[in-house]
Amino acid sequence: MAELVIHQIEYAFREAIRRAYGMDISPLVTPATNERFGDYQANVAMSLAKELSSGGTTRTTPREVAQKIAENLHLGAMAEDISIAGPGFINVTLSPTFVAERLTQMASDERLLVPLARQRERVVVDYSGPNIAKQMHVGHLRSTIIGDAISRVIEFLGHEVIRQNHVGDWGTQFGMLIAYLEETNMSAETHIEDLEEFYRAAKARFDADPAFQEKARQTVVRLQSGADKERKLWQRIVEETRRHYLPIYERLGVRLTVADERGESFYNDMLPNVVEELRNTGLAVESDGAIVVFTSSYDNPLIIQKSDGGYLYATTDLAAIRYRVAVLKASRIIYTHDSRQSQHFAQVFEVARRVGWAKGVKLEFAPFGTMLGEDGKPFKTRSGNTVKLKDLLDEAEERAYSLVSEKNPALPEETKRRIARAVGIGAVKYADLSKDRLSDYVFSWDKMLALEGNTAPYLQYAYARIRSIFRKGGISELPNIRIELTEEAELRLGKHLIRLGEAIENVCSELKPHLLCSYLYELATRFTGFYEKCPVLQAPEPIRSQRLALADLTARSIALGLELLGIEHPEQM
Ligand code: ARG
């Protein structure tokens with residue numbers, strides 16, 4: 001399988017440095033910061049010159065180093081131009097024939113030349129994690145959307161992904177709720193809203209009534225020791241909550257099933273041993289009656305057992321890491337959750353490493369910021385309540401329906417509904433995925449549903465438009481032809497097309513789906529530029545077929561990109 005272009009260039013530079021200086025170091029290759037200078041650049045000359053000058057008696061400048069590396073660089077037919085700019089950047093411009101050759105290969109490859117990872121890993125992705133007896137909130141929405149996209153990308157690169165839905169289904173609050181339900185009775189009509197109401201009532205009672213407090217405590221003990229009646233009620237609560245979130249996953253097109261659920265309760269039996277091992281190694285100590293572990297960057301220690309013997313969120317996460325490494329055999333564990341949990345995960349990771357439960361395993365927290373309303377405050381309904389996800393998705397589909405009906409009134413009702421679903425849900429997901437996850441983002445219906453700009457509808461429309469070219473031309477299959485690039489607009493499109501794999505690989509390493517979104521947006525924009533300048537169906541052969549091939553590659557790349565983001569791409573819009 002052909003390697004990514006950027007890696008081929010990296011390799012050639014590495015060899016050049018070896019030849020020139022006998023050193024094996026990273027050439028620091030990046031895409032060119034400015035298209036005018038070329039396509040890729042190596043930034044190593046600056047640091048290498050410094051290193052060479054500091055060691056010996058001879059002084060050398062970055063430009064001299066760059067010159068020497070460039071002289072030793074063998075890129076063959078790949079490069080049209082190699083030049084040195086500024087203090088010592090080495091710029092590489094790809095040759096149009098190389099780009100065209102690469103595109104020809106890409107057209108006949110099912111994976112669009114996106115290579116499979118050389119080293120296949122087993123990766124656990126921990127995402128979504130709603131809490132039982134509560135409705136999912138927008139924070140869970142972000143986790144679900146981002147975690148799912150990351151999982152798809154990693155899987156596509158050939159790794160094995162184990163999705164883990166760490167639902168909050170355990171803890172003292174269940175004692176309260178069950179004790180309350182024992183009196184109230186849960187019927188078949190009890191829905192998630194009722195459970196939330198019961199929970200509020202139970203909490204009020206707990207705070208006011210010492211006898212109820214005692215009862216709740218005993219209930220937790222009975223639940224945790226597996227008493228039949230309590231277990232059954234708990235099970236009902238869990239099932240009722242599933243009835244709420246499974247349909248949301250389904251509507252979102254998120255690949256989480258009941259089989260991926262490993263809730264907090266799953267680790268319950270392992271908790272005493274977690275604490276015991278941490279005590280035996282001397283990492284955990286007693287502090288004010290509780291068992292805690294002090295970590296390096298925070299004043300507050302990580303509490304793993306309360307003075308009343310109860311375990312905490314952190315204890316469960318430690319057990320989960322141990323399980324994921326020892327039993328699931330993961331070599332990489334990724335968590336996509338709210339950045340407010342940064343300290344929690346930093347401390348849990350440190351403890352797991354120090355006790356030796358994550359030897360050689362990458363533990364990665366991929367946090368995200370808060371979803372804000374257009375007023376810049378955390379996203380709420382107009383009346384100030386938390387937004388129910390179901391309502392949010394309903395509204396997305398409704399708004400998209402108006403959009404589709406306006407654009408294409410003649411479509412059959414059923415088709416309109418189907419497109420509205422793809423566009424509406426896609427818009428919500430894409431709005432989230434297209435922003436750097438680290439920043440807070442403003443939820444805006446108008447922006448996310450716009451047909452212009454970096455939005456799902458824009459990309460979906462770009463895809464549908466290309467497909468309509470093929471429909472109009474009555475073309476169902478493309479001949480195997482050699483692509484050639486003559487027009488500037490073709491070359492600009494082609495150069496971006498061959499970078500698809502780079503974008504996908506970056507999502508896998510940086511865990512940032514917006515890198516793929518930016519790639520797709522740029523692709524659609526370049527396609528527009530190409531389509532405005534270069535007639536396709538009207539062009540004479542063989543140019544017509546070559547341009548159709550470029551259009552087809554664009555459509556396939558958008559389709560693959562959207563699929564990896566978990567977003568549909570209707571054939572028409
Ligand atoms: N239930 C948690 C919450 O709502 C999210 C779970 C995150 N996963 C984990 N392994 N701690 O905040």
# chains A, B, ... in the order shown; residues from 1 in each chain; ligands from 1

$ residues_near_ligand --ligand "ligand 1" --cutoff "9 Å" --atoms "only C-alpha atoms and all ligand atoms" --output "compact mmCIF listing (two decimals) with C-alpha atoms, in the first residue's frame"
# COMPACT_ATOMS: atom_id res chain seq x y z
CA ASP A 126 -14.66 5.74 26.64
CA TYR A 127 -17.40 8.11 25.58
CA SER A 128 -20.98 9.24 26.17
CA GLY A 129 -21.37 7.96 29.75
CA PRO A 130 -24.86 9.22 30.60
CA ASN A 131 -26.11 8.93 34.16
CA ILE A 132 -28.87 6.52 35.05
CA MET A 136 -28.63 13.04 28.85
CA HIS A 137 -27.55 16.66 28.67
CA GLY A 139 -22.31 17.66 27.65
CA HIS A 140 -23.14 14.02 27.00
CA SER A 143 -18.96 13.38 24.33
CA GLN A 164 -16.96 1.54 26.48
CA ASN A 165 -20.00 3.38 27.73
CA HIS A 166 -19.13 4.14 31.34
CA VAL A 167 -22.66 4.92 32.45
CA GLY A 168 -23.20 6.38 35.90
CA ASP A 169 -25.34 3.59 37.33
CA GLY A 263 -21.29 1.02 33.82
CA GLU A 264 -19.80 1.93 37.14
CA TYR A 313 -15.92 7.97 41.01
CA ALA A 314 -12.10 7.82 40.97
CA THR A 316 -14.18 3.06 39.78
CA ASP A 317 -12.09 4.69 37.08
CA LEU A 318 -8.95 3.11 38.52
CA ALA A 320 -11.72 0.41 34.88
CA ILE A 321 -8.17 1.15 33.75
CA TYR A 335 -11.56 9.36 27.11
CA THR A 336 -13.61 12.08 25.46
CA HIS A 337 -15.30 14.03 28.23
CA ASP A 338 -15.89 17.54 29.49
CA GLN A 341 -12.99 16.46 34.42
CA HIS A 344 -9.95 13.81 37.74
CA PHE A 345 -8.40 12.07 34.76

$ residues_around --residues "Glu487 in chain A" --least-positions-apart "2" --cutoff "9 Å" --atoms "only C-alpha atoms" --output "list in words"
Leu485, Ala489, Glu490, Leu491, Arg492, Phe530, Lys533 and Cys534 of chain A

$ write_last_selection --atoms "N, CA, C and O atoms" --output "mmCIF file, in the first residue's frame"
data_model
loop_
_atom_site.group_PDB
_atom_site.id
_atom_site.type_symbol
_atom_site.label_atom_id
_atom_site.label_comp_id
_atom_site.auth_asym_id
_atom_site.auth_seq_id
_atom_site.Cartn_x
_atom_site.Cartn_y
_atom_site.Cartn_z
ATOM 1 N N LEU A 485 -3.283 16.603 -15.288
ATOM 2 C CA LEU A 485 -3.680 17.894 -14.741
ATOM 3 C C LEU A 485 -3.053 18.985 -15.585
ATOM 4 O O LEU A 485 -1.831 19.075 -15.654
ATOM 5 N N ALA A 489 -6.632 25.158 -11.782
ATOM 6 C CA ALA A 489 -7.715 24.779 -10.858
ATOM 7 C C ALA A 489 -7.757 23.261 -10.648
ATOM 8 O O ALA A 489 -8.090 22.781 -9.560
ATOM 9 N N GLU A 490 -7.394 22.520 -11.684
ATOM 10 C CA GLU A 490 -7.336 21.056 -11.542
ATOM 11 C C GLU A 490 -6.207 20.667 -10.592
ATOM 12 O O GLU A 490 -6.366 19.798 -9.733
ATOM 13 N N LEU A 491 -5.082 21.337 -10.771
ATOM 14 C CA LEU A 491 -3.921 21.018 -9.938
ATOM 15 C C LEU A 491 -4.191 21.345 -8.460
ATOM 16 O O LEU A 491 -3.861 20.571 -7.574
ATOM 17 N N ARG A 492 -4.820 22.491 -8.232
ATOM 18 C CA ARG A 492 -5.134 22.879 -6.845
ATOM 19 C C ARG A 492 -6.066 21.851 -6.209
ATOM 20 O O ARG A 492 -5.892 21.462 -5.063
ATOM 21 N N PHE A 530 -12.710 24.741 -9.120
ATOM 22 C CA PHE A 530 -12.457 23.905 -10.300
ATOM 23 C C PHE A 530 -13.686 23.895 -11.219
ATOM 24 O O PHE A 530 -13.588 24.108 -12.424
ATOM 25 N N LYS A 533 -14.251 27.022 -13.231
ATOM 26 C CA LYS A 533 -13.289 27.300 -14.311
ATOM 27 C C LYS A 533 -13.266 26.230 -15.388
ATOM 28 O O LYS A 533 -12.958 26.526 -16.540
ATOM 29 N N CYS A 534 -13.543 24.999 -15.003
ATOM 30 C CA CYS A 534 -13.348 23.895 -15.936
ATOM 31 C C CYS A 534 -14.671 23.204 -16.268
ATOM 32 O O CYS A 534 -15.234 22.519 -15.419
#

$ residues_around --residues "Lys377 in chain A" --least-positions-apart "4" --cutoff "12 Å" --atoms "only C-alpha atoms" --output "MDAnalysis selection string"
chainID A and resid 370:373 381:382 384 440:443

$ residues_around --residues "range 110-117 of chain A" --least-positions-apart "5" --cutoff "7 Å" --atoms "only C-alpha atoms" --output "number ranges by chain"
A: 1-3, 157-158, 501

$ closest_atom_pairs --of "range 187-220 of chain A" --to "range 243-253 of chain A" --cutoff "10 Å" --atoms "only C-alpha atoms" --output "tab-separated table"
residue	atom	partner	partner_atom	distance
A:His191	CA	A:His244	CA	8.2
A:Ile192	CA	A:His244	CA	6.7
A:Glu193	CA	A:His244	CA	9.6

$ closest_residue --among "A:Ile9, A:Ala79, A:Ala85, A:Leu565" --to "Phe37 in chain A" --atoms "only C-alpha atoms"
A:Ala85

$ residues_around --residues "Asp269 in chain A" --least-positions-apart "5" --cutoff "10 Å" --atoms "only C-alpha atoms" --output "list in words"
Gln224, Ser225, Val274, Thr316 and Ala319 of chain A

$ write_last_selection --atoms "C-alpha atoms" --output "compact mmCIF listing (two decimals), in the first residue's frame"
# COMPACT_ATOMS: atom_id res chain seq x y z
CA GLN A 224 -24.56 -3.35 46.79
CA SER A 225 -24.65 -6.74 48.46
CA VAL A 274 -8.15 -1.61 44.11
CA THR A 316 -14.18 3.06 39.78
CA ALA A 319 -10.64 -0.28 38.46

$ select_by_dssp --residues "range 361-492 of chain A" --states "strand (DSSP E)" --output "ChimeraX atom specification"
/A:362-365,371-372,441-442

$ atom_distance --atom1 "CA of Asn72 in chain A" --atom2 "CA of Asn43 in chain A"
15.7 Å

$ residues_around --residues "Leu562 in chain A" --least-positions-apart "2" --cutoff "10 Å" --atoms "only C-alpha atoms" --output "list in words"
Ala149, Gly426, Tyr430, Ala456, Leu459, Gln460, Leu516, Cys517, Leu520, Arg556, Ser557, Ile558, Ala559, Leu560, Leu564, Leu565, Gly566, Ile567, Glu568 and His569 of chain A

$ select_by_dssp --residues "range 425-471 of chain A" --states "alpha helix (DSSP H)" --output "PyMOL selection string"
chain A and resi 425-433+445-448+456-471

$ write_last_selection --atoms "C-alpha atoms" --output "PDB file, in the first residue's frame"
ATOM      1  CA  ILE A 425     -28.840  15.694  12.530  1.00  0.00           C
ATOM      2  CA  GLY A 426     -25.745  16.121  10.371  1.00  0.00           C
ATOM      3  CA  ALA A 427     -25.763  19.860  11.014  1.00  0.00           C
ATOM      4  CA  VAL A 428     -25.878  19.427  14.788  1.00  0.00           C
ATOM      5  CA  LYS A 429     -23.088  16.874  14.734  1.00  0.00           C
ATOM      6  CA  TYR A 430     -20.925  18.772  12.299  1.00  0.00           C
ATOM      7  CA  ALA A 431     -21.285  22.042  14.194  1.00  0.00           C
ATOM      8  CA  ASP A 432     -19.758  20.284  17.153  1.00  0.00           C
ATOM      9  CA  LEU A 433     -17.096  18.305  15.296  1.00  0.00           C
ATOM     10  CA  TRP A 445     -29.123  27.125  14.373  1.00  0.00           C
ATOM     11  CA  ASP A 446     -28.626  29.624  11.590  1.00  0.00           C
ATOM     12  CA  LYS A 447     -24.911  29.041  11.300  1.00  0.00           C
ATOM     13  CA  MET A 448     -25.019  25.263  11.436  1.00  0.00           C
ATOM     14  CA  ALA A 456     -22.699  19.838   7.131  1.00  0.00           C
ATOM     15  CA  PRO A 457     -25.299  21.098   4.632  1.00  0.00           C
ATOM     16  CA  TYR A 458     -22.535  22.736   2.585  1.00  0.00           C
ATOM     17  CA  LEU A 459     -20.599  19.482   2.317  1.00  0.00           C
ATOM     18  CA  GLN A 460     -23.687  17.384   1.798  1.00  0.00           C
ATOM     19  CA  TYR A 461     -24.740  19.761  -0.936  1.00  0.00           C
ATOM     20  CA  ALA A 462     -21.290  19.614  -2.534  1.00  0.00           C
ATOM     21  CA  TYR A 463     -21.570  15.839  -2.587  1.00  0.00           C
ATOM     22  CA  ALA A 464     -25.106  15.816  -3.977  1.00  0.00           C
ATOM     23  CA  ARG A 465     -24.154  18.348  -6.621  1.00  0.00           C
ATOM     24  CA  ILE A 466     -21.343  16.155  -7.916  1.00  0.00           C
ATOM     25  CA  ARG A 467     -23.647  13.191  -7.998  1.00  0.00           C
ATOM     26  CA  SER A 468     -26.122  15.246  -9.982  1.00  0.00           C
ATOM     27  CA  ILE A 469     -23.447  15.923 -12.607  1.00  0.00           C
ATOM     28  CA  PHE A 470     -23.188  12.193 -13.068  1.00  0.00           C
ATOM     29  CA  ARG A 471     -26.950  11.795 -13.189  1.00  0.00           C
TER      30      ARG A 471
END

$ residues_around --residues "Ala346 in chain A" --least-positions-apart "6" --cutoff "10 Å" --atoms "only C-alpha atoms" --output "list in words"
Thr295, Ser296, Ser297, Tyr298, Leu363, Glu364 and Phe365 of chain A

$ write_last_selection --atoms "N, CA and C atoms" --output "PDB file, in the first residue's frame"
ATOM      1  N   THR A 295      -0.980  13.214  44.447  1.00  0.00           N
ATOM      2  CA  THR A 295      -0.405  13.211  43.094  1.00  0.00           C
ATOM      3  C   THR A 295       0.432  14.468  42.895  1.00  0.00           C
ATOM      4  N   SER A 296       1.167  14.495  41.791  1.00  0.00           N
ATOM      5  CA  SER A 296       2.185  15.535  41.660  1.00  0.00           C
ATOM      6  C   SER A 296       1.656  16.948  41.428  1.00  0.00           C
ATOM      7  N   SER A 297       0.686  17.127  40.521  1.00  0.00           N
ATOM      8  CA  SER A 297       0.389  18.512  40.131  1.00  0.00           C
ATOM      9  C   SER A 297      -0.756  19.182  40.889  1.00  0.00           C
ATOM     10  N   TYR A 298      -1.364  18.486  41.812  1.00  0.00           N
ATOM     11  CA  TYR A 298      -2.508  19.085  42.492  1.00  0.00           C
ATOM     12  C   TYR A 298      -2.337  19.034  44.009  1.00  0.00           C
ATOM     13  N   LEU A 363      -2.577   6.467  27.906  1.00  0.00           N
ATOM     14  CA  LEU A 363      -3.828   6.937  28.509  1.00  0.00           C
ATOM     15  C   LEU A 363      -4.029   8.363  28.033  1.00  0.00           C
ATOM     16  N   GLU A 364      -5.115   8.614  27.337  1.00  0.00           N
ATOM     17  CA  GLU A 364      -5.298   9.939  26.751  1.00  0.00           C
ATOM     18  C   GLU A 364      -6.663  10.525  27.105  1.00  0.00           C
ATOM     19  N   PHE A 365      -6.623  11.710  27.639  1.00  0.00           N
ATOM     20  CA  PHE A 365      -7.856  12.431  27.893  1.00  0.00           C
ATOM     21  C   PHE A 365      -8.027  13.462  26.787  1.00  0.00           C
TER      22      PHE A 365
END

$ closest_residue --among "A:Phe198, A:Phe368, A:Tyr519, A:Phe294" --to "Glu183 in chain A" --atoms "only C-alpha atoms"
A:Phe198

$ atom_distance --atom1 "CA of Glu277 in chain A" --atom2 "CA of Arg324 in chain A"
17.0 Å

$ closest_residue --among "A:Met23, A:Ala100, A:Ile146, A:Ile237" --to "Leu550 in chain A" --atoms "only C-alpha atoms"
A:Ala100
